[in-house]
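Structure data (PDB, C-alpha atoms) from my_file35.pdb:
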```pdb
ATOM      1  CA  LYS A 903      15.710  33.422  15.231
ATOM      2  CA  LYS A 904      14.296  29.967  14.588
ATOM      3  CA  GLY A 905      10.604  29.428  15.124
ATOM      4  CA  PRO A 906       8.479  26.300  15.162
ATOM      5  CA  ILE A 907       7.940  26.244  11.384
ATOM      6  CA  PRO A 908      11.248  24.562  10.419
ATOM      7  CA  MET A 909      10.582  21.764  12.950
ATOM      8  CA  VAL A 910       7.087  21.211  11.529
ATOM      9  CA  ILE A 911       8.548  20.881   8.031
ATOM     10  CA  HIS A 912      11.019  18.233   9.228
ATOM     11  CA  ILE A 913       8.289  16.276  11.018
ATOM     12  CA  THR A 914       6.002  16.418   7.970
ATOM     13  CA  ALA A 915       8.822  15.180   5.738
ATOM     14  CA  THR A 916       9.455  12.306   8.139
ATOM     15  CA  ILE A 917       5.785  11.299   8.124
ATOM     16  CA  ALA A 918       5.746  11.398   4.326
ATOM     17  CA  ALA A 919       8.938   9.330   4.057
ATOM     18  CA  ILE A 920       7.667   6.641   6.432
ATOM     19  CA  SER A 921       4.253   6.513   4.751
ATOM     20  CA  VAL A 922       5.659   6.242   1.234
ATOM     21  CA  GLY A 923       8.193   3.627   2.326
ATOM     22  CA  VAL A 924       5.598   1.460   4.039
ATOM     23  CA  GLY A 925       3.098   1.942   1.198
ATOM     24  CA  ILE A 926       5.640   0.880  -1.401
ATOM     25  CA  ASP A 927       6.453  -2.242   0.598
ATOM     26  CA  TYR A 928       2.769  -3.158   0.825
ATOM     27  CA  ALA A 929       2.285  -2.579  -2.908
ATOM     28  CA  ILE A 930       5.345  -4.635  -3.838
ATOM     29  CA  HIS A 931       4.183  -7.560  -1.703
ATOM     30  CA  MET A 932       0.691  -7.507  -3.183
ATOM     31  CA  THR A 933       1.896  -7.104  -6.774
ATOM     32  CA  GLN A 934       4.497  -9.858  -6.529
ATOM     33  CA  ARG A 935       2.055 -12.260  -4.922
ATOM     34  CA  PHE A 936      -0.483 -11.444  -7.644
ATOM     35  CA  ARG A 937       2.112 -12.289 -10.309
ATOM     36  CA  GLU A 938       2.882 -15.621  -8.631
ATOM     37  CA  GLU A 939      -0.782 -16.518  -8.198
ATOM     38  CA  LEU A 940      -1.595 -15.446 -11.758
ATOM     39  CA  GLY A 941       0.718 -18.168 -13.027
ATOM     40  CA  ARG A 942      -0.790 -20.751 -10.682
ATOM     41  CA  ALA A 943      -4.310 -19.741 -11.715
ATOM     42  CA  GLY A 944      -3.566 -20.442 -15.365
ATOM     43  CA  GLY A 945      -3.559 -16.786 -16.350
ATOM     44  CA  ASP A 946      -6.997 -15.978 -14.907
ATOM     45  CA  PRO A 947      -6.483 -12.545 -13.306
ATOM     46  CA  VAL A 948      -9.594 -12.654 -11.124
ATOM     47  CA  GLU A 949      -8.648 -16.015  -9.617
ATOM     48  CA  GLY A 950      -5.049 -14.871  -9.229
ATOM     49  CA  LEU A 951      -6.228 -11.788  -7.394
ATOM     50  CA  ARG A 952      -8.484 -13.821  -5.102
ATOM     51  CA  ARG A 953      -5.588 -16.069  -4.167
ATOM     52  CA  ALA A 954      -3.203 -13.162  -3.648
ATOM     53  CA  ALA A 955      -5.672 -11.249  -1.499
ATOM     54  CA  GLY A 956      -6.396 -14.348   0.568
ATOM     55  CA  GLY A 957      -2.760 -14.932   1.438
ATOM     56  CA  THR A 958      -0.891 -11.665   1.285
ATOM     57  CA  GLY A 959      -3.946  -9.549   2.086
ATOM     58  CA  ALA A 960      -4.253 -11.087   5.541
ATOM     59  CA  ALA A 961      -0.531 -10.637   6.172
ATOM     60  CA  LEU A 962      -0.675  -6.992   5.082
ATOM     61  CA  ILE A 963      -3.620  -6.348   7.392
ATOM     62  CA  ALA A 964      -1.710  -7.850  10.314
ATOM     63  CA  SER A 965       1.430  -5.875   9.486
ATOM     64  CA  ALA A 966      -0.486  -2.628   9.074
ATOM     65  CA  THR A 967      -2.382  -3.203  12.323
ATOM     66  CA  THR A 968       0.790  -3.625  14.353
ATOM     67  CA  SER A 969       2.397  -0.560  12.769
ATOM     68  CA  ILE A 970      -0.733   1.542  13.270
ATOM     69  CA  LEU A 971      -1.014   0.502  16.905
ATOM     70  CA  GLY A 972       2.664   1.191  17.492
ATOM     71  CA  PHE A 973       2.442   4.731  16.156
ATOM     72  CA  ALA A 974      -0.967   5.343  17.738
ATOM     73  CA  ILE A 975       0.587   4.709  21.165
ATOM     74  CA  MET A 976       2.516   7.926  20.598
ATOM     75  CA  ALA A 977      -0.804   9.778  20.921
ATOM     76  CA  PHE A 978      -0.314   9.474  24.677
ATOM     77  CA  ALA A 979       3.061  11.242  24.579
ATOM     78  CA  PRO A 980       3.222  14.273  26.867
ATOM     79  CA  MET A 981       4.653  16.447  24.099
ATOM     80  CA  PRO A 982       1.964  17.526  21.593
ATOM     81  CA  MET A 983       4.373  17.380  18.659
ATOM     82  CA  PHE A 984       5.157  13.700  19.280
ATOM     83  CA  ALA A 985       1.477  12.926  19.833
ATOM     84  CA  SER A 986       0.556  14.553  16.519
ATOM     85  CA  TYR A 987       3.405  12.754  14.787
ATOM     86  CA  GLY A 988       2.184   9.373  16.031
ATOM     87  CA  ILE A 989      -1.438   9.976  15.093
ATOM     88  CA  LEU A 990      -0.646  11.317  11.618
ATOM     89  CA  THR A 991       1.780   8.504  10.875
ATOM     90  CA  ALA A 992      -0.768   5.907  12.016
ATOM     91  CA  VAL A 993      -3.406   7.460   9.750
ATOM     92  CA  MET A 994      -1.026   7.527   6.793
ATOM     93  CA  ILE A 995      -0.071   3.866   7.288
ATOM     94  CA  PHE A 996      -3.783   3.011   7.414
ATOM     95  CA  LEU A 997      -4.344   4.853   4.130
ATOM     96  CA  ALA A 998      -1.356   3.102   2.540
ATOM     97  CA  ALA A 999      -2.785  -0.275   3.568
ATOM     98  CA  VAL A1000      -6.227   0.620   2.202
ATOM     99  CA  ALA A1001      -4.666   1.706  -1.081
ATOM    100  CA  SER A1002      -2.717  -1.552  -1.359
ATOM    101  CA  LEU A1003      -5.734  -3.713  -0.507
ATOM    102  CA  ALA A1004      -8.520  -1.832  -2.306
ATOM    103  CA  VAL A1005      -7.090   0.382  -5.038
ATOM    104  CA  LEU A1006      -4.092  -1.669  -6.189
ATOM    105  CA  PRO A1007      -6.068  -4.863  -6.969
ATOM    106  CA  SER A1008      -8.387  -2.898  -9.243
ATOM    107  CA  LEU A1009      -5.426  -1.404 -11.048
ATOM    108  CA  LEU A1010      -3.796  -4.815 -11.386
ATOM    109  CA  LEU A1011      -6.928  -6.148 -13.070
ATOM    110  CA  LEU A1012      -6.984  -3.198 -15.451
ATOM    111  CA  VAL A1013      -3.392  -3.569 -16.596
ATOM    112  CA  THR A1014      -3.281  -7.369 -16.758
ATOM    113  CA  PRO A1015      -3.587  -8.526 -20.359
ATOM    114  CA  ASN A1016      -6.893 -10.247 -21.099
ATOM    115  CA  GLY A1017      -8.107  -9.416 -17.595
ATOM    116  CA  VAL A1018     -11.620  -8.335 -16.767
ATOM    117  CA  GLY A1019     -11.739  -4.859 -18.231
ATOM    118  CA  GLY A1020      -8.051  -5.256 -18.953
ATOM    119  CA  SER A1021      -6.145  -4.342 -22.016
ATOM    120  CA  ASP A1022      -4.520  -6.569 -24.575
ATOM    121  CA  ILE A1023      -1.126  -4.903 -24.207
ATOM    122  CA  GLY A1024       1.524  -6.916 -25.961
ATOM    123  CA  GLN A1025      -0.991  -9.200 -27.655
ATOM    124  CA  GLU A1026      -1.214  -9.371 -31.420
ATOM    125  CA  ARG A1027      -4.564  -8.490 -32.899
ATOM    126  CA  THR A1028      -5.929  -9.909 -36.079
ATOM    127  CA  SER A1029      -8.329  -7.776 -38.035
ATOM    128  CA  GLU A1030     -10.542  -9.242 -40.676
TER
END
```
As structure tokens, please, write out the structure in this file.
Amino acid sequence: KKGPIPMVIHITATIAAISVGVGIDYAIHMTQRFREELGRAGGDPVEGLRRAAGGTGAALIASATTSILGFAIMAFAPMPMFASYGILTAVMIFLAAVASLAVLPSLLLLVTPNGVGGSDIGQERTSE
């Protein structure tokens, strides 16, 4: 006899797959734009990040907003399982966008050589 638990597991896996997929796309766009703008900014990571956030950040917000609204519409579905699916997916996409716009830039500054608070990975050090 099959109960509701196997269906819940499938729905949860679907929400996770969509959220991770969308989050990875957002992170790739932000990271690649940061790399491009870093070169244009003469290697200054803070300026590169400002430029990247100004261009790609606005596009990511627009993309996330449309996706969130699309899944949030499912909240009005007559079946509770579909309504929950839509709400949870919308929340997860929101969190993925926040991570790409708030957490990822900080991490990019930390790992960029000679960045503010960054490391000197790959740079030769001279000790006297």
**OP:** Give me, please, the distance in Å between CA of Ala974 (chain A) and CA of Phe996 (chain A), quoted to one decimal.
**Re:** 11.0 Å
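For the residues A:Ile930, A:Leu940, A:Ala960, A:Val924, ranking by smallest atom-to-atom distance to Leu1011 (chain A) using all atoms listed in the file places A:Leu940 first.
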**OP:** Take the PyMOL selection byres ((chain A and resi 959) around 12), apply it to the structure above, and return the hits as a PyMOL selection string.
**Re:** chain A and resi 928-929+931-933+935-936+951-958+960-966+999-1004+1006-1007
Original post:
What does the distance between CA of Phe984 (chain A) and CA of Leu971 (chain A) come to in Å, to one decimal place?
Top reply: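 Between CA of Phe984 (chain A) and CA of Leu971 (chain A) the gap works out to 14.8 Å.
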Original post:
Pick the closest to Ala992 (chain A) from A:Ile970, A:Met976, A:Ala915, A:Val922: which is it, counting all atoms listed in the file?
Top reply: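 Of A:Ile970, A:Met976, A:Ala915, A:Val922, the one nearest Ala992 (chain A), counting all atoms listed in the file, is A:Ile970.
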Let me know the centre plus edge lengths, in Å and rounded to one decimal, of a box with edges along x, y and z that contains all listed atoms of region 984-991 of chain A and is padded by 3 Å on every side, as AutoDock Vina command-line options.
```
--center_x 1.9 --center_y 11.5 --center_z 15.4 --size_x 12.6 --size_y 12.0 --size_z 15.0
```
Subject >> Between CA of Gly925 (chain A) and CA of Tyr987 (chain A) - distance in Å to one decimal >> reply: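 Value for the CA of Tyr987 (chain A)-CA of Gly925 (chain A) distance: 17.4 Å.
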Original post:
For Gly950 (chain A), which of A:Ala998, A:Gly923, A:Ser969, A:Glu938 is the closest residue, counting all atoms listed in the file?
Top reply: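 Using all atoms listed in the file, the shortest distance to Gly950 (chain A) belongs to A:Glu938.
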If we count all atoms listed in the file and set the cut-off at 7 Å, which residues sit around Ala977 (chain A), ignoring sequence neighbours fewer than 5 positions away in its own chain? Please answer as a PDB file with C-alpha atoms, keeping the file's coordinate frame.
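Final output, out_18.pdb:
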```
ATOM      1  CA  ALA A 985       1.477  12.926  19.833  1.00  0.00           C
ATOM      2  CA  SER A 986       0.556  14.553  16.519  1.00  0.00           C
ATOM      3  CA  GLY A 988       2.184   9.373  16.031  1.00  0.00           C
ATOM      4  CA  ILE A 989      -1.438   9.976  15.093  1.00  0.00           C
TER       5      ILE A 989
END
```
Subject >> Nearest candidate to Ile975 (chain A) (options A:Thr991, A:Leu1009, A:Arg942, A:Leu997; using all atoms listed in the file) >> reply: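 Smallest distance to Ile975 (chain A) is found for A:Thr991.
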